[in-house]
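Reproduced below: start.cif, with mmCIF, C-alpha atoms and all ligand atoms.
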```
data_model
loop_
_atom_site.label_atom_id
_atom_site.label_comp_id
_atom_site.auth_asym_id
_atom_site.auth_seq_id
_atom_site.Cartn_x
_atom_site.Cartn_y
_atom_site.Cartn_z
CA MET A 1161 38.03 -34.92 31.22
CA VAL A 1162 36.12 -33.85 28.11
CA GLU A 1163 37.84 -31.21 26.00
CA ARG A 1164 39.80 -30.02 29.06
CA HIS A 1165 36.62 -29.72 31.17
CA SER A 1166 36.36 -32.08 34.08
CA LEU A 1167 32.89 -33.58 34.29
CA SER A 1168 31.51 -35.52 37.21
CA CYS A 1169 28.43 -37.68 37.28
CA SER A 1170 26.43 -39.44 39.97
CA CYS A 1171 24.33 -42.54 39.88
CA SER A 1172 20.74 -43.02 41.11
CA ILE A 1173 19.67 -46.63 41.43
CA GLY A 1174 16.19 -48.09 41.89
CA ILE A 1175 15.89 -51.75 42.82
CA SER A 1176 12.93 -54.12 42.58
CA VAL A 1177 13.01 -57.71 43.74
CA PHE A 1178 11.62 -60.86 42.11
CA PRO A 1179 9.16 -62.29 43.11
CA SER A 1180 8.12 -60.12 46.09
CA ASP A 1181 7.62 -56.90 44.06
CA ALA A 1182 6.53 -58.37 40.74
CA THR A 1183 6.83 -61.55 38.73
CA ASP A 1184 6.97 -60.33 35.17
CA PRO A 1185 9.96 -58.46 33.73
CA GLN A 1186 8.02 -55.39 32.59
CA MET A 1187 6.49 -54.84 36.02
CA LEU A 1188 9.88 -55.36 37.68
CA ILE A 1189 11.42 -52.68 35.47
CA ARG A 1190 8.49 -50.30 36.10
CA ASP A 1191 8.90 -50.71 39.89
CA ALA A 1192 12.67 -50.22 39.68
CA ASP A 1193 12.01 -47.06 37.63
CA THR A 1194 9.57 -45.78 40.29
CA ALA A 1195 12.22 -46.41 42.98
CA MET A 1196 14.84 -44.60 40.88
CA TYR A 1197 12.58 -41.53 40.56
CA HIS A 1198 12.25 -41.48 44.34
CA VAL A 1199 16.04 -41.40 44.64
CA LYS A 1200 16.18 -38.50 42.15
CA GLU A 1201 13.47 -36.58 43.99
CA SER A 1202 15.25 -36.97 47.29
CA GLY A 1203 18.60 -35.62 46.14
CA ARG A 1204 20.06 -38.28 43.76
CA ALA A 1205 23.28 -40.29 44.11
CA ALA A 1206 21.78 -43.07 46.22
CA TYR A 1207 19.90 -46.33 45.86
CA ARG A 1208 16.42 -47.26 47.02
CA TYR A 1209 14.40 -50.49 47.07
CA PHE A 1210 10.90 -50.28 45.62
CA SER A 1211 8.04 -50.22 48.15
CA SER A 1212 4.29 -50.33 47.69
CA GLU A 1213 3.94 -46.82 49.29
CA MET A 1214 5.97 -45.49 46.38
CA ASN A 1215 3.27 -46.80 44.10
CA THR A 1216 0.54 -45.18 46.19
CA ARG A 1217 2.35 -41.82 46.04
CA MET A 1218 2.97 -42.20 42.33
CA GLN A 1219 -0.71 -42.96 41.75
CA GLU A 1220 -1.75 -39.95 43.86
CA ARG A 1221 0.54 -37.74 41.76
CA LEU A 1222 -0.87 -39.20 38.58
CA ARG A 1223 -4.42 -38.59 39.83
CA ILE A 1224 -3.53 -34.98 40.60
CA GLU A 1225 -1.86 -34.52 37.21
CA THR A 1226 -4.87 -35.94 35.34
CA GLY A 1227 -7.19 -33.87 37.56
CA LEU A 1228 -5.20 -30.69 36.86
CA ARG A 1229 -5.41 -31.21 33.10
CA ARG A 1230 -9.18 -31.54 33.44
CA ALA A 1231 -9.31 -28.57 35.84
CA ILE A 1232 -7.74 -26.33 33.21
CA ALA A 1233 -10.21 -27.46 30.57
CA GLU A 1234 -13.22 -27.29 32.90
CA ARG A 1235 -12.21 -24.07 34.69
CA GLN A 1236 -12.23 -25.53 38.18
CA PHE A 1237 -9.82 -22.94 39.58
CA GLU A 1238 -10.79 -19.93 41.63
CA LEU A 1239 -8.96 -17.20 43.51
CA VAL A 1240 -9.20 -16.05 47.10
CA TYR A 1241 -7.54 -12.85 48.29
CA GLN A 1242 -5.73 -11.98 51.50
CA PRO A 1243 -5.30 -8.32 52.54
CA LYS A 1244 -1.90 -6.77 53.21
CA VAL A 1245 -2.12 -4.19 55.98
CA ASN A 1246 0.04 -1.17 56.76
CA ILE A 1247 1.12 -1.67 60.38
CA ALA A 1248 1.33 2.04 61.28
CA SER A 1249 -2.03 3.08 59.82
CA GLY A 1250 -4.00 -0.18 59.96
CA GLU A 1251 -5.06 0.50 56.36
CA VAL A 1252 -5.41 -2.28 53.74
CA VAL A 1253 -2.69 -1.42 51.21
CA GLY A 1254 -2.77 -4.45 48.95
CA LEU A 1255 -4.16 -7.90 48.30
CA GLU A 1256 -2.55 -11.24 47.51
CA ALA A 1257 -4.31 -13.61 45.12
CA LEU A 1258 -4.14 -17.25 46.21
CA LEU A 1259 -5.21 -20.16 44.06
CA ARG A 1260 -7.86 -22.72 45.01
CA TRP A 1261 -8.93 -25.80 43.06
CA ARG A 1262 -12.58 -26.78 43.43
CA THR A 1263 -12.88 -30.44 42.50
CA PRO A 1264 -16.14 -32.38 42.19
CA GLU A 1265 -14.63 -35.40 43.97
CA TRP A 1266 -12.31 -33.93 46.65
CA GLY A 1267 -13.85 -30.49 47.37
CA VAL A 1268 -11.69 -27.35 47.59
CA ILE A 1269 -7.95 -28.05 47.51
CA ALA A 1270 -5.24 -25.60 48.64
CA PRO A 1271 -2.08 -25.18 46.52
CA GLY A 1272 0.13 -27.12 48.96
CA ARG A 1273 -1.36 -30.32 47.52
CA PHE A 1274 -1.05 -29.58 43.83
CA ILE A 1275 1.40 -26.75 43.04
CA ALA A 1276 4.44 -29.08 43.08
CA VAL A 1277 2.80 -31.41 40.54
CA ALA A 1278 1.76 -28.42 38.43
CA GLU A 1279 5.37 -27.20 38.51
CA ASP A 1280 6.92 -30.60 37.68
CA THR A 1281 4.59 -31.15 34.74
CA GLY A 1282 4.85 -27.59 33.43
CA LEU A 1283 1.07 -27.16 33.83
CA ILE A 1284 1.82 -24.21 36.14
CA VAL A 1285 2.53 -22.06 33.08
CA GLU A 1286 -1.03 -22.40 31.81
CA ILE A 1287 -2.52 -22.20 35.29
CA GLY A 1288 -0.40 -19.09 35.96
CA ARG A 1289 -1.71 -17.47 32.78
CA TRP A 1290 -5.26 -18.07 34.00
CA VAL A 1291 -4.40 -16.56 37.42
CA LEU A 1292 -3.03 -13.40 35.78
CA ALA A 1293 -6.03 -13.01 33.50
CA GLU A 1294 -8.47 -13.65 36.36
CA VAL A 1295 -6.76 -11.08 38.61
CA CYS A 1296 -6.88 -8.50 35.80
CA ARG A 1297 -10.54 -9.33 35.15
CA GLN A 1298 -11.32 -8.95 38.86
CA VAL A 1299 -9.49 -5.61 39.04
CA ARG A 1300 -11.53 -4.35 36.08
CA GLU A 1301 -14.76 -5.55 37.74
CA TRP A 1302 -13.90 -3.75 41.02
CA ARG A 1303 -12.92 -0.62 39.16
CA GLY A 1304 -16.18 -0.79 37.16
CA ARG A 1305 -18.07 -0.70 40.47
CA GLY A 1306 -16.27 2.50 41.44
CA LEU A 1307 -14.15 0.89 44.17
CA ALA A 1308 -10.79 2.30 45.21
CA LEU A 1309 -8.34 -0.34 44.07
CA ARG A 1310 -5.44 -1.82 45.94
CA PRO A 1311 -2.51 -3.47 44.11
CA VAL A 1312 -3.04 -7.24 43.77
CA ALA A 1313 -0.03 -9.55 44.11
CA VAL A 1314 0.21 -12.76 42.10
CA ASN A 1315 2.50 -15.64 43.12
CA VAL A 1316 4.82 -16.77 40.37
CA SER A 1317 6.70 -20.08 40.29
CA VAL A 1318 10.28 -20.35 39.08
CA ARG A 1319 9.03 -22.33 36.09
CA GLN A 1320 6.83 -19.39 35.01
CA PHE A 1321 9.63 -16.87 35.31
CA THR A 1322 10.58 -16.60 31.63
CA SER A 1323 10.42 -13.75 29.13
CA GLY A 1324 6.96 -15.18 28.27
CA LEU A 1325 5.80 -13.99 31.70
CA VAL A 1326 6.37 -10.34 30.76
CA SER A 1327 4.34 -10.72 27.57
CA ASP A 1328 1.61 -12.68 29.41
CA ILE A 1329 1.25 -9.87 31.96
CA ALA A 1330 1.30 -7.19 29.27
CA ALA A 1331 -1.40 -9.09 27.33
CA ALA A 1332 -3.62 -9.58 30.40
CA MET A 1333 -3.20 -5.93 31.44
CA SER A 1334 -4.11 -4.63 28.02
CA GLU A 1335 -7.04 -7.06 27.56
CA PHE A 1336 -8.64 -5.88 30.80
CA GLY A 1337 -7.42 -2.28 30.73
CA VAL A 1338 -5.38 -2.68 33.91
CA THR A 1339 -3.02 0.21 34.56
CA PRO A 1340 0.59 -0.09 35.82
CA GLY A 1341 0.92 -0.41 39.58
CA GLN A 1342 -2.19 -2.56 39.98
CA ILE A 1343 -0.42 -5.90 39.55
CA GLU A 1344 2.47 -7.04 41.74
CA LEU A 1345 4.43 -10.28 41.65
CA GLU A 1346 5.69 -12.53 44.43
CA ILE A 1347 8.70 -14.66 43.54
CA THR A 1348 10.94 -16.89 45.65
CA GLU A 1349 14.64 -16.75 46.38
CA SER A 1350 15.40 -19.94 44.44
CA LEU A 1351 14.98 -17.90 41.26
CA PHE A 1352 18.28 -16.19 41.91
CA MET A 1353 20.17 -19.44 41.48
CA ARG A 1354 19.35 -19.21 37.78
CA ASN A 1355 21.16 -17.34 35.04
CA ALA A 1356 21.59 -13.85 36.50
CA GLU A 1357 21.44 -12.02 33.18
CA GLU A 1358 18.17 -13.72 32.21
CA VAL A 1359 16.58 -12.96 35.59
CA ARG A 1360 17.73 -9.33 35.39
CA THR A 1361 16.23 -8.91 31.91
CA ILE A 1362 12.87 -10.32 33.05
CA LEU A 1363 12.88 -8.11 36.17
CA LYS A 1364 13.56 -5.08 33.96
CA GLY A 1365 10.65 -6.07 31.72
CA LEU A 1366 8.37 -6.33 34.76
CA SER A 1367 9.53 -2.98 36.05
CA ARG A 1368 8.73 -1.41 32.65
CA LEU A 1369 5.19 -2.77 33.07
CA GLY A 1370 5.01 -1.08 36.47
CA ALA A 1371 4.76 -4.45 38.27
CA ARG A 1372 6.42 -4.32 41.71
CA VAL A 1373 8.27 -7.47 42.75
CA THR A 1374 8.37 -8.93 46.26
CA ILE A 1375 10.58 -11.80 47.41
CA ASP A 1376 8.20 -14.24 49.12
CA ASP A 1377 9.08 -16.65 51.98
CA PHE A 1378 12.31 -14.73 52.60
CA GLY A 1379 14.80 -16.59 54.75
CA THR A 1380 13.76 -20.14 53.88
CA GLY A 1381 15.67 -20.70 50.66
CA TYR A 1382 18.89 -19.61 49.07
CA SER A 1383 19.20 -16.56 51.36
CA SER A 1384 22.25 -15.03 49.77
CA LEU A 1385 21.86 -11.34 50.35
CA GLY A 1386 23.92 -10.45 47.30
CA TYR A 1387 21.02 -10.80 44.91
CA ILE A 1388 18.98 -8.13 46.65
CA ARG A 1389 21.62 -5.57 45.81
CA HIS A 1390 22.12 -6.78 42.26
CA PHE A 1391 18.51 -7.19 41.21
CA SER A 1392 15.73 -4.65 41.45
CA VAL A 1393 13.21 -5.99 43.92
CA ASN A 1394 10.75 -3.74 45.74
CA ALA A 1395 10.09 -5.60 48.97
CA LEU A 1396 10.85 -8.68 51.05
CA LYS A 1397 8.24 -10.81 52.73
CA ILE A 1398 9.59 -12.46 55.86
CA ASP A 1399 8.55 -16.11 56.02
CA ARG A 1400 6.06 -17.03 58.71
CA ALA A 1401 8.47 -19.62 60.12
CA PHE A 1402 10.28 -16.69 61.81
CA LEU A 1403 7.12 -15.65 63.63
CA SER A 1404 6.93 -18.89 65.57
CA ASP A 1405 8.62 -18.58 68.95
CA PHE A 1406 8.61 -14.82 68.36
CA THR A 1407 9.27 -13.35 71.79
CA ALA A 1408 11.30 -10.34 72.91
CA ALA A 1409 14.39 -12.47 73.65
CA SER A 1410 14.14 -15.05 70.86
CA GLN A 1411 16.59 -15.71 68.04
CA ASN A 1412 13.75 -15.39 65.53
CA LEU A 1413 13.14 -11.85 66.73
CA ALA A 1414 16.84 -11.07 66.23
CA ILE A 1415 16.62 -12.39 62.65
CA VAL A 1416 13.44 -10.41 61.89
CA ARG A 1417 15.02 -7.25 63.33
CA ALA A 1418 18.11 -7.76 61.14
CA VAL A 1419 16.00 -8.28 58.00
CA ILE A 1420 13.95 -5.14 58.70
CA THR A 1421 17.12 -3.10 59.29
CA MET A 1422 18.60 -4.42 56.06
CA CYS A 1423 15.45 -3.51 54.09
CA ARG A 1424 15.55 0.00 55.57
CA GLY A 1425 19.19 0.36 54.51
CA LEU A 1426 18.41 -0.84 50.99
CA GLY A 1427 15.33 1.34 50.71
CA ILE A 1428 12.94 -1.55 50.05
CA GLY A 1429 9.67 -2.47 51.77
CA VAL A 1430 9.29 -5.27 54.32
CA ILE A 1431 6.22 -7.39 55.01
CA ALA A 1432 5.66 -10.05 57.67
CA GLU A 1433 3.40 -12.97 56.71
CA GLY A 1434 1.49 -15.41 58.89
CA VAL A 1435 0.73 -12.96 61.72
CA GLU A 1436 -1.76 -14.72 63.98
CA THR A 1437 -1.54 -12.96 67.36
CA HIS A 1438 -1.64 -9.42 68.78
CA GLU A 1439 1.72 -10.10 70.48
CA GLN A 1440 3.38 -10.82 67.13
CA LEU A 1441 1.87 -7.66 65.65
CA GLU A 1442 3.02 -5.49 68.56
CA LEU A 1443 6.59 -6.79 68.28
CA LEU A 1444 6.55 -6.11 64.52
CA ARG A 1445 5.27 -2.59 65.21
CA LYS A 1446 8.15 -1.99 67.63
CA LEU A 1447 10.59 -3.20 64.97
CA HIS A 1448 9.04 -0.75 62.45
CA CYS A 1449 8.00 -3.45 59.99
CA ASP A 1450 5.99 -1.81 57.16
CA GLU A 1451 3.17 -4.27 56.48
CA TYR A 1452 1.70 -7.55 57.63
CA GLN A 1453 -0.59 -10.32 56.47
CA GLY A 1454 -2.13 -13.08 58.51
CA PHE A 1455 -5.14 -14.72 60.06
CA LEU A 1456 -5.13 -12.03 62.79
CA PHE A 1457 -6.42 -9.47 60.29
CA SER A 1458 -8.08 -11.82 57.80
CA PRO A 1459 -7.53 -15.23 56.19
CA PRO A 1460 -7.72 -15.33 52.40
CA VAL A 1461 -11.39 -14.83 51.40
CA GLY A 1462 -13.45 -14.76 48.21
CA PRO A 1463 -13.73 -11.61 46.06
CA ASP A 1464 -17.25 -10.77 47.32
CA GLU A 1465 -16.07 -10.68 50.93
CA ILE A 1466 -13.02 -8.61 49.97
CA GLU A 1467 -15.32 -6.16 48.29
CA SER A 1468 -17.78 -5.87 51.16
CA ARG A 1469 -15.20 -5.74 53.96
CA PHE A 1470 -12.15 -4.03 52.55
CA LEU A 1471 -12.82 -2.01 49.39
CA LYS A 1472 -14.38 1.42 49.67
CA PRO A 1473 -15.90 3.55 46.93
CA PHE A 1474 -13.29 5.67 45.20
CA PRO A 1475 -13.28 9.08 46.96
CA ARG A 1476 -12.91 12.28 44.96
CA HIS A 1477 -9.56 13.04 46.61
CA GLU A 1478 -8.17 9.78 47.91
CA PRO A 1479 -5.50 10.31 50.58
CA VAL A 1480 -2.09 9.03 49.47
CA SER A 1481 -1.03 6.03 51.55
CA GLY A 1482 2.53 5.52 52.78
CA ARG A 1483 3.02 2.75 50.23
CA GLN A 1484 1.86 4.86 47.31
CA GLN A 1485 4.24 7.59 48.45
CA ARG A 1486 7.08 5.05 48.45
CA GLN A 1487 6.06 3.87 45.00
CA ALA A 1488 6.10 7.37 43.59
P1 LIG A 1501 2.51 -17.91 49.98
O1 LIG A 1501 2.50 -17.09 48.73
O2 LIG A 1501 3.63 -17.70 50.92
O3 LIG A 1501 1.10 -17.62 50.67
C1 LIG A 1501 0.89 -17.61 52.04
C2 LIG A 1501 0.19 -18.85 52.53
O4 LIG A 1501 0.02 -18.78 53.94
C3 LIG A 1501 -1.21 -19.05 51.95
O5 LIG A 1501 -1.45 -20.45 51.85
C4 LIG A 1501 -2.10 -18.45 53.05
O6 LIG A 1501 -3.42 -18.96 53.05
C5 LIG A 1501 -1.35 -18.88 54.28
N1 LIG A 1501 -1.56 -17.97 55.41
C6 LIG A 1501 -1.88 -16.66 55.39
N2 LIG A 1501 -1.96 -16.14 56.64
C7 LIG A 1501 -1.67 -17.15 57.48
C8 LIG A 1501 -1.57 -17.25 58.92
O7 LIG A 1501 -1.75 -16.30 59.66
N3 LIG A 1501 -1.23 -18.48 59.43
C9 LIG A 1501 -1.01 -19.56 58.62
N4 LIG A 1501 -0.70 -20.72 59.19
N5 LIG A 1501 -1.08 -19.50 57.27
C10 LIG A 1501 -1.41 -18.30 56.71
P2 LIG A 1501 -2.06 -21.10 50.55
O8 LIG A 1501 -3.14 -20.22 49.99
O9 LIG A 1501 -2.37 -22.52 50.87
O10 LIG A 1501 -0.85 -21.03 49.51
C11 LIG A 1501 0.34 -21.76 49.72
C12 LIG A 1501 1.39 -21.42 48.71
O11 LIG A 1501 0.99 -21.83 47.39
C13 LIG A 1501 1.62 -19.91 48.57
O12 LIG A 1501 2.47 -19.48 49.61
C14 LIG A 1501 2.28 -19.84 47.20
O13 LIG A 1501 3.65 -20.16 47.27
C15 LIG A 1501 1.57 -20.96 46.45
N6 LIG A 1501 0.52 -20.36 45.60
C16 LIG A 1501 -0.71 -19.93 45.95
N7 LIG A 1501 -1.37 -19.42 44.87
C17 LIG A 1501 -0.51 -19.53 43.83
C18 LIG A 1501 -0.59 -19.16 42.43
O14 LIG A 1501 -1.57 -18.59 41.93
N8 LIG A 1501 0.50 -19.45 41.66
C19 LIG A 1501 1.64 -20.03 42.17
N9 LIG A 1501 2.66 -20.27 41.34
N10 LIG A 1501 1.74 -20.37 43.47
C20 LIG A 1501 0.69 -20.12 44.29
MG MG A 1502 2.89 -15.22 48.34
MG MG A 1503 4.96 -16.73 51.66
#
```

Go through the file and emit its structure as structure tokens.
Ligand code: C2E
Ligand code: MG
Ligand code: MG
Amino acid sequence: MVERHSLSCSCSIGISVFPSDATDPQMLIRDADTAMYHVKESGRAAYRYFSSEMNTRMQERLRIETGLRRAIAERQFELVYQPKVNIASGEVVGLEALLRWRTPEWGVIAPGRFIAVAEDTGLIVEIGRWVLAEVCRQVREWRGRGLALRPVAVNVSVRQFTSGLVSDIAAAMSEFGVTPGQIELEITESLFMRNAEEVRTILKGLSRLGARVTIDDFGTGYSSLGYIRHFSVNALKIDRAFLSDFTAASQNLAIVRAVITMCRGLGIGVIAEGVETHEQLELLRKLHCDEYQGFLFSPPVGPDEIESRFLKPFPRHEPVSGRQQRQA
């Protein structure tokens, strides 16, 4: 008890053994420390003996961290874009920007290999700022060529979700003359485990900027439905895990149907991600899902390919899409 509050603590222990792990005290302590960090990463309150694989993983992380610092300085990042398609009309109604890291030594690396390190080290904040600026620059370039624009969604990590995010977006939008409605954000459910008031304030700030917010990977994380009612989000994106074993009688189909019904009731949009087959698309159509993304329509591709395949010159009287109607 501390000042009438009961506090509890847990203990994470890393163990290294003399002489099999190391023979000098400093090395022994370093190895024990490495083992302790493994315990912390895998949920804490346990003990773990040091192993040489831990060192290999640690070194790989360190290599990625050093590489990321250089990547920021040397501008080794690029963006690919994946279309979002309206299921009823077959029209491309938006794009999602996805980060790629082009390294001289390892080639092009997808975020799965480096986002976690970028998040742990805080580097994601700077990388995220670059992503926002690059998306705004790209939007201005497309608009300059007279192309009819589609909103572009940017993925945002929990670590980036601070009041600084609102000012970063505002700055990028004003620098590149991007108008409200052209930038959207994808956040994950884990965000709602944070201070509710803070999250609400940031969401309000984003809404003032005209940036729609989608919950990404819905169904894989915290999955308390309460937050959807209490926070203003515009759409849910159903995680692709639910599209595996997606047949007329499957449990996954029952879950997807329930999520779509819930979104209808709440008046928010619903997107399915990771659609790879015609069968999945047909089932989603029957369930009246609004939009989809996936390899079936197109994998993420570079901006030139987006432009040549999916963006048309701005017509004098562009028809209003279902999504724009909903936005209005
Ligand atoms: P996400 O936002 O859920 O993006 C969807 C991922 O699924 C992308 O992987 C995409 O390439 C992949 N995908 C799309 N269609 C299909 C399909 O039909 N089948 C399969 N198997 N996969 C498909 P990617 O580009 O490797 O990105 C992985 C994750 O990294 C993203 O998941 C997102 O959480 C994160 N990420 C990507 N770019 C950024 C970024 O700029 N900032 C932040 N903070 N995170 C990012
Ligand atoms: Mg996403
Ligand atoms: Mg996702």

Given only C-alpha atoms and all ligand atoms, how would the per-residue table for chain A near ligand LIG 1501 (chain A) read, listing every residue at most 9 Å away with its closest atom pair and distance in Å to one decimal, sorted by chain and number, as a tab-separated table?
```
residue	atom	partner	partner_atom	distance
A:Leu1239	CA	A:LIG1501	O14	7.7
A:Val1240	CA	A:LIG1501	O8	7.9
A:Tyr1241	CA	A:LIG1501	O8	8.8
A:Gln1242	CA	A:LIG1501	C6	7.2
A:Glu1256	CA	A:LIG1501	O1	7.8
A:Ala1257	CA	A:LIG1501	N7	6.5
A:Leu1258	CA	A:LIG1501	N7	3.8
A:Leu1259	CA	A:LIG1501	N7	4.0
A:Arg1260	CA	A:LIG1501	N7	7.3
A:Ile1269	CA	A:LIG1501	O9	8.5
A:Ala1270	CA	A:LIG1501	O9	4.8
A:Pro1271	CA	A:LIG1501	O11	4.6
A:Gly1272	CA	A:LIG1501	C11	5.4
A:Arg1273	CA	A:LIG1501	O9	8.5
A:Phe1274	CA	A:LIG1501	O11	8.8
A:Ile1275	CA	A:LIG1501	N10	6.4
A:Ala1278	CA	A:LIG1501	N9	8.7
A:Glu1279	CA	A:LIG1501	N9	8.0
A:Ile1284	CA	A:LIG1501	N9	6.6
A:Val1285	CA	A:LIG1501	N9	8.5
A:Ile1287	CA	A:LIG1501	N8	7.6
A:Gly1288	CA	A:LIG1501	N8	5.8
A:Trp1290	CA	A:LIG1501	O14	8.8
A:Val1291	CA	A:LIG1501	O14	5.7
A:Leu1292	CA	A:LIG1501	O14	8.2
A:Val1314	CA	A:LIG1501	O14	6.1
A:Asn1315	CA	A:LIG1501	N8	4.5
A:Val1316	CA	A:LIG1501	N9	4.2
A:Ser1317	CA	A:LIG1501	N9	4.2
A:Val1318	CA	A:LIG1501	N9	7.9
A:Arg1319	CA	A:LIG1501	N9	8.5
A:Gln1320	CA	A:LIG1501	N9	7.6
A:Glu1346	CA	A:LIG1501	O1	7.0
A:Ile1347	CA	A:LIG1501	O13	8.3
A:Thr1348	CA	A:LIG1501	O13	8.2
A:Asp1376	CA	A:LIG1501	O2	6.0
A:Asp1377	CA	A:LIG1501	O2	5.7
A:Lys1397	CA	A:LIG1501	O2	8.5
A:Asp1399	CA	A:LIG1501	O2	7.3
A:Arg1400	CA	A:LIG1501	N3	7.5
A:Glu1433	CA	A:LIG1501	N2	6.2
A:Gly1434	CA	A:LIG1501	O7	3.4
A:Val1435	CA	A:LIG1501	O7	4.6
A:Glu1436	CA	A:LIG1501	O7	4.6
A:Thr1437	CA	A:LIG1501	O7	8.4
A:Gln1453	CA	A:LIG1501	N2	6.0
A:Gly1454	CA	A:LIG1501	O7	3.4
A:Phe1455	CA	A:LIG1501	O7	3.8
A:Leu1456	CA	A:LIG1501	O7	6.3
A:Phe1457	CA	A:LIG1501	O7	8.3
A:Ser1458	CA	A:LIG1501	N2	7.6
A:Pro1459	CA	A:LIG1501	N2	5.7
A:Pro1460	CA	A:LIG1501	O6	5.7
```

Next item on the list: Select, counting all atoms listed in the file, all protein, DNA and RNA residues no farther than 12 Å from (-6.0, -29.1, 32.3) in file coordinates, and express the selection as number ranges by chain.
Entry: A: 1224-1237, 1261, 1278, 1281-1287, 1290

Check: Looking at A:Asp1181, A:Glu1265, A:Glu1301, A:Glu1357, which one is nearest to His1390 of chain A, with distances taken over all atoms listed in the file?
Finding: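 Distance minimum relative to His1390 of chain A lands on A:Glu1357.
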
Item checked: Close residues, Thr1339 of chain A itself excluded, 10 Å, only C-alpha atoms, min 2 positions apart in chain, as a PyMOL selection string -> chain A and resi 1296+1299-1300+1333-1334+1336-1337+1341-1343+1369-1371

Margin query: List as a list in words the protein and nucleic acid residues near Ala1308 of chain A, meaning an atom at most 9 Å away when only C-alpha atoms are counted, but skip any in the same chain fewer than 4 places from it.
Written below: Trp1302, Arg1303, Leu1471, Lys1472, Pro1473, Phe1474, Pro1475 and Glu1478 of chain A

Checklist line | A:Ser1404, A:Asn1394, A:Asn1355, A:Ser1367 ranked by distance to Gly1429 of chain A, top pick (using all atoms listed in the file) | finding: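 Ranked by minimum distance to Gly1429 of chain A, first place goes to A:Asn1394.
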
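Counting all atoms listed in the file, the residue from A:Val1245, A:Leu1307, A:Ile1398, A:Met1161 that sits nearest to ligand MG 1503 (chain A) is A:Ile1398.
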
Notebook entry, point to check: Which distance in Å separates atom CA of Asp1464 of chain A and atom CA of Val1253 of chain A, to one decimal?
Noted result: 17.7 Å

Check: Between A:Arg1164, A:His1438, A:Arg1372, A:Arg1310, which has the minimum distance to Pro1243 of chain A (counting all atoms listed in the file)?
Finding: A:Arg1310

Margin query: I need the residue nearest Glu1358 of chain A from this list: A:Thr1322, A:Ile1375, A:Gly1203, A:Val1461. Use all atoms listed in the file for the distance.
Written below: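 Distance minimum relative to Glu1358 of chain A lands on A:Thr1322.
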
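The two atoms in question, atom CA of Glu1344 of chain A and atom CA of Val1268 of chain A, are spaced 25.4 Å apart.
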
Notebook entry, point to check: So which one's closest to ligand MG 1502 (chain A), A:Val1338, A:Glu1251, A:Thr1361, A:Ala1432? Using all atoms listed in the file, please.
Noted result: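 Nearest candidate to ligand MG 1502 (chain A) out of A:Val1338, A:Glu1251, A:Thr1361, A:Ala1432: A:Ala1432.
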
How would segment 1311-1319 of chain A look with N, CA, C and O atoms restored, written as a PDB file, keeping the file's coordinate frame?
```pdb
ATOM      1  N   PRO A1311      -3.297  -2.581  44.975  1.00  0.00           N
ATOM      2  CA  PRO A1311      -2.510  -3.470  44.110  1.00  0.00           C
ATOM      3  C   PRO A1311      -2.759  -4.933  44.496  1.00  0.00           C
ATOM      4  O   PRO A1311      -2.896  -5.242  45.685  1.00  0.00           O
ATOM      5  N   VAL A1312      -2.828  -5.812  43.500  1.00  0.00           N
ATOM      6  CA  VAL A1312      -3.040  -7.240  43.770  1.00  0.00           C
ATOM      7  C   VAL A1312      -1.773  -7.995  43.395  1.00  0.00           C
ATOM      8  O   VAL A1312      -1.267  -7.872  42.276  1.00  0.00           O
ATOM      9  N   ALA A1313      -1.260  -8.778  44.351  1.00  0.00           N
ATOM     10  CA  ALA A1313      -0.030  -9.550  44.110  1.00  0.00           C
ATOM     11  C   ALA A1313      -0.385 -10.950  43.635  1.00  0.00           C
ATOM     12  O   ALA A1313      -1.307 -11.583  44.141  1.00  0.00           O
ATOM     13  N   VAL A1314       0.393 -11.414  42.663  1.00  0.00           N
ATOM     14  CA  VAL A1314       0.210 -12.760  42.100  1.00  0.00           C
ATOM     15  C   VAL A1314       1.479 -13.553  42.405  1.00  0.00           C
ATOM     16  O   VAL A1314       2.589 -13.047  42.208  1.00  0.00           O
ATOM     17  N   ASN A1315       1.326 -14.784  42.871  1.00  0.00           N
ATOM     18  CA  ASN A1315       2.500 -15.640  43.120  1.00  0.00           C
ATOM     19  C   ASN A1315       2.968 -16.256  41.810  1.00  0.00           C
ATOM     20  O   ASN A1315       2.150 -16.737  41.026  1.00  0.00           O
ATOM     21  N   VAL A1316       4.271 -16.250  41.621  1.00  0.00           N
ATOM     22  CA  VAL A1316       4.820 -16.770  40.370  1.00  0.00           C
ATOM     23  C   VAL A1316       5.868 -17.835  40.687  1.00  0.00           C
ATOM     24  O   VAL A1316       6.786 -17.600  41.467  1.00  0.00           O
ATOM     25  N   SER A1317       5.722 -19.007  40.083  1.00  0.00           N
ATOM     26  CA  SER A1317       6.700 -20.080  40.290  1.00  0.00           C
ATOM     27  C   SER A1317       7.929 -19.849  39.423  1.00  0.00           C
ATOM     28  O   SER A1317       7.848 -19.177  38.391  1.00  0.00           O
ATOM     29  N   VAL A1318       9.036 -20.468  39.842  1.00  0.00           N
ATOM     30  CA  VAL A1318      10.280 -20.350  39.080  1.00  0.00           C
ATOM     31  C   VAL A1318      10.055 -20.747  37.622  1.00  0.00           C
ATOM     32  O   VAL A1318      10.524 -20.098  36.692  1.00  0.00           O
ATOM     33  N   ARG A1319       9.304 -21.801  37.436  1.00  0.00           N
ATOM     34  CA  ARG A1319       9.030 -22.330  36.090  1.00  0.00           C
ATOM     35  C   ARG A1319       8.320 -21.304  35.182  1.00  0.00           C
ATOM     36  O   ARG A1319       8.425 -21.352  33.970  1.00  0.00           O
TER      37      ARG A1319
END
```
